[in-house]
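Asks: This is the structure I have questions about; it appears just below.
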Amino acid sequence: MALVTNSIKGTLDTLPSSSYKLQYIESAVKEIAENYGFYEIRTPVFEHTELFNRSVGETTDVVQKEMYTFTDKGGRSITLRPEGTAGAVRSFLEHGLFNEPLPQKVFYLTSCYRNEKPQAGRLREFHQFGVESFGAATPAADAEIIALANEVFNYLGVNNLSIEINSIGCPTCRAEYHKALKEYFAEHKSELCDTCLSRFDRNPMRILDCKSPVCSEIAEKAPVITDFLCEDCNEHFELVKKYLNGMDIDFSVNPQIVRGLDYYTRTVFEFVSNEIGAQGTVCGGGRYDGLIEELGGKPLPACGFAMGIERLMLLMEAQKSEFPERKKCDLFIASMGENANIKAAAIANDLRNEGISVQFDTASRSVKAQMKFANKIGAAYTMVIGDSELENGIIKIKNMADGIEKEINLSNFTDEFQSEIIRQAMSEFESLGLNDIDISNILGGLS
RNA sequence: GUGGAUGUAGCUUAGUUGGUUAAAGCGCCAGUUUGUGGCACUGGAGAUCGUGGGUUCGAAUCCCAUCUUCCACCCCA
């Protein structure tokens, strides 16, 4: 193995036959984000390892066993970003964006890296669309980002997603809750699975997440975080729900939702699907009021989410969502003979400059083979140029959908206007969609 | 990191109890008389049967290892 022709485990190539689908998702997501007032931030793929240790949390699985960390030639410990929030916060602080009007709302669309065992919906290099709202304290901000995520799915025609929200409180009320949880699970310690036993000390809230039937049955009767929220946290959570109701966004409160990154406080939420296998969380996020301070800034509330592009793609494939068609060739120019070949290239060049998708033969094939090729690439129109066409200037343009041909005479026109004649001829075929090209004023200038 | 399954031409697969030049369909390329595609026909290229060992006179077929992919655990997007 280890041949140069093998990609790295857990990575994906996106080929021309499907890249247009990703482009569609990306442009949709960008447009929606900007409608919500979020603008793009781009940060490096790698950062100081310490940044992730501090933000994501030393005890998390992500930091402990999933990061791609290496030492660079200067002896610094560098890590490929496992998520997008840390870099965004770092950049926010480094460039003093807290001095700009708050809240600062940013989005990113980038690759992330986690050294996990790949499976459906989980890759080692994957892509996230995420937003962050810095300096936004109110429940309205939480609701706004949930609405944004919801809008993305709606726009892309994804359905059957459930929005699950929870509040994990602030450090103060969470401490109370931890105590109560530990007391409860202590009574059932003998029944818990091995992993949950280890979680008992490390992070008892994660036991709530366990999928083993025994543990989840025990967890069902466990104390619920929402009963332990302090007054402020409770009010915040209630208001988030009111805002969501106000926007007609369906959600359910799920006390089991516990995020695996340390920086979350108060609101947490997930968009979950059961159609793409075990990794059903397509989008996850929440509030992280302590993170900016943790990374050395002044205390500033914030919230955000991240959406897995590959999971979204999986979901869209599973639901057979519609994608706009890939851009196809408008005109293929078949030619034979050196002079005609050169003429074909010249015409193609003119038309391309006008924004029309044109291709010509670069494999020196027979006219028949060129026509076959034109058919395969889905060219809407073709024309053939040979000796006789060069001589009398009369060229046939063929509509590939119905085979109807149309003659045009280019002999009385300069090179510069020949391409306009061709364009007009193409637009006169009403069956295919080039009619919207308006060339009337250019042609008007001819006569 | 743990467990289960998988791996034959670009793709989808066939390969019988281990036995001569590893099949097929699709795709690709080229032809089917004069310079025009979609149909049909003909021909061609293309596989060291994931990789490395081993058993055997002989292995795509058996054994071991390793890698990949897939599925689940774990964790997360």
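Chain lettering (A, B, ...) mirrors the order of the structure tokens, residue numbering begins at 1 for each chain separately, and ligand numbering begins at 1 in order of display.
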Determine, for each residue of chain B having at least one atom at most 7 Å from an atom of chain A, the closest pair of atoms and their separation in Å to one decimal, counting only C-alpha atoms (C1' of nucleotides); order by chain and ascending number, as a tab-separated table.

Replies:
```
residue	atom	partner	partner_atom	distance
B:G35	C1'	A:Val367	CA	6.2
B:U36	C1'	A:Lys368	CA	5.8
B:G37	C1'	A:Lys372	CA	4.6
B:U51	C1'	A:Met1	CA	5.7
B:C67	C1'	A:Met1	CA	6.2
B:C75	C1'	A:Asp61	CA	6.6
B:A77	C1'	A:Gly308	CA	4.0
```

Asks: Taking 5 positions as the minimum chain separation for residues in the same chain, which residues sit within 10 Å of U6 in chain B when counting only C-alpha atoms (C1' of nucleotides)? Answer as a PyMOL selection string.

Replies: chain B and resi 68-70

Asks: For those residues, write N, CA, C and O atoms (P, O5', C5', C4', C3', O3' and C1' of nucleotides) to a file as a PDB file, in the first residue's frame.

Replies:
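Written out: selection-v6.pdb:
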```pdb
ATOM      1  P     U B  68      -5.624   2.069   6.609  1.00  0.00           P
ATOM      2  O5'   U B  68      -6.580   1.918   5.358  1.00  0.00           O
ATOM      3  C5'   U B  68      -6.249   2.561   4.121  1.00  0.00           C
ATOM      4  C4'   U B  68      -7.240   2.150   3.059  1.00  0.00           C
ATOM      5  C3'   U B  68      -8.701   2.393   3.415  1.00  0.00           C
ATOM      6  O3'   U B  68      -9.065   3.732   3.143  1.00  0.00           O
ATOM      7  C1'   U B  68      -8.449   0.222   2.532  1.00  0.00           C
ATOM      8  P     U B  69     -10.167   4.416   4.017  1.00  0.00           P
ATOM      9  O5'   U B  69     -11.498   3.718   3.519  1.00  0.00           O
ATOM     10  C5'   U B  69     -11.963   3.917   2.186  1.00  0.00           C
ATOM     11  C4'   U B  69     -13.080   2.951   1.898  1.00  0.00           C
ATOM     12  C3'   U B  69     -14.225   2.981   2.906  1.00  0.00           C
ATOM     13  O3'   U B  69     -15.148   4.014   2.609  1.00  0.00           O
ATOM     14  C1'   U B  69     -13.586   0.745   2.513  1.00  0.00           C
ATOM     15  P     C B  70     -15.975   4.633   3.794  1.00  0.00           P
ATOM     16  O5'   C B  70     -16.994   3.464   4.164  1.00  0.00           O
ATOM     17  C5'   C B  70     -17.979   3.050   3.227  1.00  0.00           C
ATOM     18  C4'   C B  70     -18.708   1.837   3.756  1.00  0.00           C
ATOM     19  C3'   C B  70     -19.330   2.001   5.134  1.00  0.00           C
ATOM     20  O3'   C B  70     -20.574   2.649   5.070  1.00  0.00           O
ATOM     21  C1'   C B  70     -18.192  -0.071   5.016  1.00  0.00           C
TER      22        C B  70
END
```

Asks: Residues of range 39-288 of chain A classed as strand (DSSP E or B) by DSSP on the backbone are to be reported as a VMD selection string.

Replies: chain A and resid 39 to 40 46 to 48 68 to 71 77 to 80 104 to 113 119 122 125 to 134 162 to 167 252 to 253 265 to 272 281 to 287

Asks: Need the shell around range 21-30 of chain B: protein/DNA/RNA residues with any atom at most 9 Å away, counting only C-alpha atoms (C1' of nucleotides). Skip same-chain ones fewer than 3 positions apart. Format as a PDB file with N, CA, C and O atoms (P, O5', C5', C4', C3', O3' and C1' of nucleotides), in the first residue's frame?

Replies:
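Writing the result to part-v7.pdb gives the following:
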```pdb
ATOM      1  P     U B   8     -12.913  -5.468  -5.535  1.00  0.00           P
ATOM      2  O5'   U B   8     -12.178  -5.962  -6.856  1.00  0.00           O
ATOM      3  C5'   U B   8     -10.846  -6.481  -6.744  1.00  0.00           C
ATOM      4  C4'   U B   8     -10.569  -7.398  -7.911  1.00  0.00           C
ATOM      5  C3'   U B   8     -11.132  -6.931  -9.242  1.00  0.00           C
ATOM      6  O3'   U B   8     -10.265  -5.970  -9.841  1.00  0.00           O
ATOM      7  C1'   U B   8     -11.667  -9.193  -8.938  1.00  0.00           C
ATOM      8  P     G B  10      -9.252   0.107 -13.501  1.00  0.00           P
ATOM      9  O5'   G B  10     -10.357   1.254 -13.489  1.00  0.00           O
ATOM     10  C5'   G B  10     -10.144   2.439 -12.737  1.00  0.00           C
ATOM     11  C4'   G B  10     -11.382   3.268 -12.855  1.00  0.00           C
ATOM     12  C3'   G B  10     -12.627   2.569 -12.355  1.00  0.00           C
ATOM     13  O3'   G B  10     -12.837   2.809 -10.982  1.00  0.00           O
ATOM     14  C1'   G B  10     -13.009   3.375 -14.540  1.00  0.00           C
ATOM     15  P     C B  11     -13.482   1.657 -10.074  1.00  0.00           P
ATOM     16  O5'   C B  11     -15.006   1.684 -10.529  1.00  0.00           O
ATOM     17  C5'   C B  11     -15.834   2.789 -10.192  1.00  0.00           C
ATOM     18  C4'   C B  11     -17.241   2.525 -10.673  1.00  0.00           C
ATOM     19  C3'   C B  11     -17.833   1.210 -10.192  1.00  0.00           C
ATOM     20  O3'   C B  11     -18.434   1.372  -8.920  1.00  0.00           O
ATOM     21  C1'   C B  11     -18.138   1.394 -12.530  1.00  0.00           C
ATOM     22  P     U B  12     -18.511   0.122  -7.950  1.00  0.00           P
ATOM     23  O5'   U B  12     -19.564  -0.823  -8.656  1.00  0.00           O
ATOM     24  C5'   U B  12     -20.940  -0.448  -8.735  1.00  0.00           C
ATOM     25  C4'   U B  12     -21.722  -1.544  -9.393  1.00  0.00           C
ATOM     26  C3'   U B  12     -21.453  -2.936  -8.858  1.00  0.00           C
ATOM     27  O3'   U B  12     -22.200  -3.186  -7.677  1.00  0.00           O
ATOM     28  C1'   U B  12     -21.425  -2.981 -11.230  1.00  0.00           C
ATOM     29  P     U B  13     -21.779  -4.377  -6.742  1.00  0.00           P
ATOM     30  O5'   U B  13     -21.797  -5.550  -7.815  1.00  0.00           O
ATOM     31  C5'   U B  13     -21.405  -6.875  -7.512  1.00  0.00           C
ATOM     32  C4'   U B  13     -21.620  -7.663  -8.776  1.00  0.00           C
ATOM     33  C3'   U B  13     -20.965  -9.024  -8.828  1.00  0.00           C
ATOM     34  O3'   U B  13     -21.765  -9.994  -8.170  1.00  0.00           O
ATOM     35  C1'   U B  13     -20.541  -7.889 -10.845  1.00  0.00           C
ATOM     36  P     A B  14     -21.063 -11.298  -7.618  1.00  0.00           P
ATOM     37  O5'   A B  14     -20.667 -12.073  -8.962  1.00  0.00           O
ATOM     38  C5'   A B  14     -21.689 -12.451  -9.874  1.00  0.00           C
ATOM     39  C4'   A B  14     -21.154 -13.402 -10.910  1.00  0.00           C
ATOM     40  C3'   A B  14     -20.274 -14.531 -10.393  1.00  0.00           C
ATOM     41  O3'   A B  14     -21.040 -15.551  -9.790  1.00  0.00           O
ATOM     42  C1'   A B  14     -19.410 -13.650 -12.417  1.00  0.00           C
ATOM     43  P     G B  15     -20.361 -16.575  -8.822  1.00  0.00           P
ATOM     44  O5'   G B  15     -19.249 -17.204  -9.799  1.00  0.00           O
ATOM     45  C5'   G B  15     -18.256 -18.007  -9.256  1.00  0.00           C
ATOM     46  C4'   G B  15     -17.214 -18.298 -10.299  1.00  0.00           C
ATOM     47  C3'   G B  15     -15.853 -18.617  -9.716  1.00  0.00           C
ATOM     48  O3'   G B  15     -15.747 -19.989  -9.379  1.00  0.00           O
ATOM     49  C1'   G B  15     -15.606 -16.889 -11.279  1.00  0.00           C
ATOM     50  P     G B  43     -16.567  -8.804 -32.785  1.00  0.00           P
ATOM     51  O5'   G B  43     -15.307  -7.828 -32.718  1.00  0.00           O
ATOM     52  C5'   G B  43     -14.228  -8.013 -33.636  1.00  0.00           C
ATOM     53  C4'   G B  43     -13.334  -6.815 -33.614  1.00  0.00           C
ATOM     54  C3'   G B  43     -12.589  -6.549 -32.319  1.00  0.00           C
ATOM     55  O3'   G B  43     -11.453  -7.377 -32.173  1.00  0.00           O
ATOM     56  C1'   G B  43     -13.463  -4.525 -33.140  1.00  0.00           C
ATOM     57  P     G B  44     -10.920  -7.680 -30.698  1.00  0.00           P
ATOM     58  O5'   G B  44     -10.266  -6.292 -30.283  1.00  0.00           O
ATOM     59  C5'   G B  44      -9.180  -5.754 -31.034  1.00  0.00           C
ATOM     60  C4'   G B  44      -8.794  -4.411 -30.476  1.00  0.00           C
ATOM     61  C3'   G B  44      -8.441  -4.397 -29.001  1.00  0.00           C
ATOM     62  O3'   G B  44      -7.092  -4.790 -28.789  1.00  0.00           O
ATOM     63  C1'   G B  44      -9.905  -2.600 -29.474  1.00  0.00           C
ATOM     64  P     A B  45      -6.685  -5.442 -27.414  1.00  0.00           P
ATOM     65  O5'   A B  45      -6.466  -4.140 -26.509  1.00  0.00           O
ATOM     66  C5'   A B  45      -5.525  -3.151 -26.898  1.00  0.00           C
ATOM     67  C4'   A B  45      -5.721  -1.920 -26.039  1.00  0.00           C
ATOM     68  C3'   A B  45      -5.676  -2.173 -24.541  1.00  0.00           C
ATOM     69  O3'   A B  45      -4.342  -2.177 -24.064  1.00  0.00           O
ATOM     70  C1'   A B  45      -7.567  -0.864 -25.052  1.00  0.00           C
ATOM     71  P     A B  47      -4.107  -3.370 -17.478  1.00  0.00           P
ATOM     72  O5'   A B  47      -5.187  -4.056 -16.538  1.00  0.00           O
ATOM     73  C5'   A B  47      -5.768  -3.304 -15.474  1.00  0.00           C
ATOM     74  C4'   A B  47      -5.975  -4.223 -14.318  1.00  0.00           C
ATOM     75  C3'   A B  47      -4.906  -5.309 -14.177  1.00  0.00           C
ATOM     76  O3'   A B  47      -3.711  -4.770 -13.615  1.00  0.00           O
ATOM     77  C1'   A B  47      -7.080  -6.256 -13.935  1.00  0.00           C
ATOM     78  P     C B  49      -3.030 -10.292  -8.951  1.00  0.00           P
ATOM     79  O5'   C B  49      -4.491  -9.996  -8.416  1.00  0.00           O
ATOM     80  C5'   C B  49      -5.008  -8.680  -8.282  1.00  0.00           C
ATOM     81  C4'   C B  49      -6.485  -8.911  -8.109  1.00  0.00           C
ATOM     82  C3'   C B  49      -6.802  -9.671  -6.830  1.00  0.00           C
ATOM     83  O3'   C B  49      -7.637  -8.819  -6.058  1.00  0.00           O
ATOM     84  C1'   C B  49      -7.744 -10.750  -8.753  1.00  0.00           C
ATOM     85  P     A B  60      -3.842 -16.923  -8.538  1.00  0.00           P
ATOM     86  O5'   A B  60      -4.781 -16.173  -7.505  1.00  0.00           O
ATOM     87  C5'   A B  60      -5.036 -14.801  -7.581  1.00  0.00           C
ATOM     88  C4'   A B  60      -6.285 -14.442  -6.821  1.00  0.00           C
ATOM     89  C3'   A B  60      -6.799 -15.505  -5.859  1.00  0.00           C
ATOM     90  O3'   A B  60      -6.234 -15.302  -4.573  1.00  0.00           O
ATOM     91  C1'   A B  60      -8.542 -14.846  -7.298  1.00  0.00           C
TER      92        A B  60
END
```

Asks: Which residue out of A:Arg124, A:His48, A:Arg202, A:Lys328 has the minimum interatomic distance to Gly75 in chain A when only C-alpha atoms are used?

Replies: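 Of all the options, A:His48 lies closest to Gly75 in chain A.
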
Asks: Report as an MDAnalysis selection string: the residues of range 52-203 of chain A with a DSSP assignment of helix (DSSP H, G or I), based on the backbone of this structure.

Replies: chainID A and resid 52:56 61:65 85:94 97:99 139:155 171:187 189:191 194:202

Asks: One decimal, Å: what's the distance from CA of Gln104 in chain A over to CA of Tyr263 in chain A, could you say?

Replies: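 The value is 18.8 Å.
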
Asks: Would you tabulate, counting only C-alpha atoms, all residues of range 233-347 of chain A that have an atom at most 7 Å from an atom of range 141-156 of chain A, showing the closest pair of atoms and their distance in Å to one decimal, sorted by chain then ascending number, as JSON lines?

Replies:
```
{"residue": "A:Val240", "atom": "CA", "partner": "A:Ala143", "partner_atom": "CA", "distance": 5.8}
{"residue": "A:Tyr243", "atom": "CA", "partner": "A:Ala143", "partner_atom": "CA", "distance": 6.1}
{"residue": "A:Leu244", "atom": "CA", "partner": "A:Ala143", "partner_atom": "CA", "distance": 5.9}
{"residue": "A:Cys303", "atom": "CA", "partner": "A:Asp142", "partner_atom": "CA", "distance": 6.5}
{"residue": "A:Gly304", "atom": "CA", "partner": "A:Ile145", "partner_atom": "CA", "distance": 6.7}
```

Asks: Between CA of Arg174 in chain A and CA of Cys233 in chain A, what is the distance, to one decimal in Å?

Replies: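 Computing the Euclidean distance for CA of Arg174 in chain A and CA of Cys233 in chain A yields 10.2 Å.
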
Asks: For CA of Gly87 in chain A and CA of Thr43 in chain A, quote the distance in Å rounded to one decimal.

Replies: 6.3 Å

Asks: From the set A:Arg90, A:Lys298, A:Arg266, A:Arg206, which residue has the shortest atom-to-atom contact distance to C74 in chain B, counting only C-alpha atoms (C1' of nucleotides)?

Replies: A:Arg206
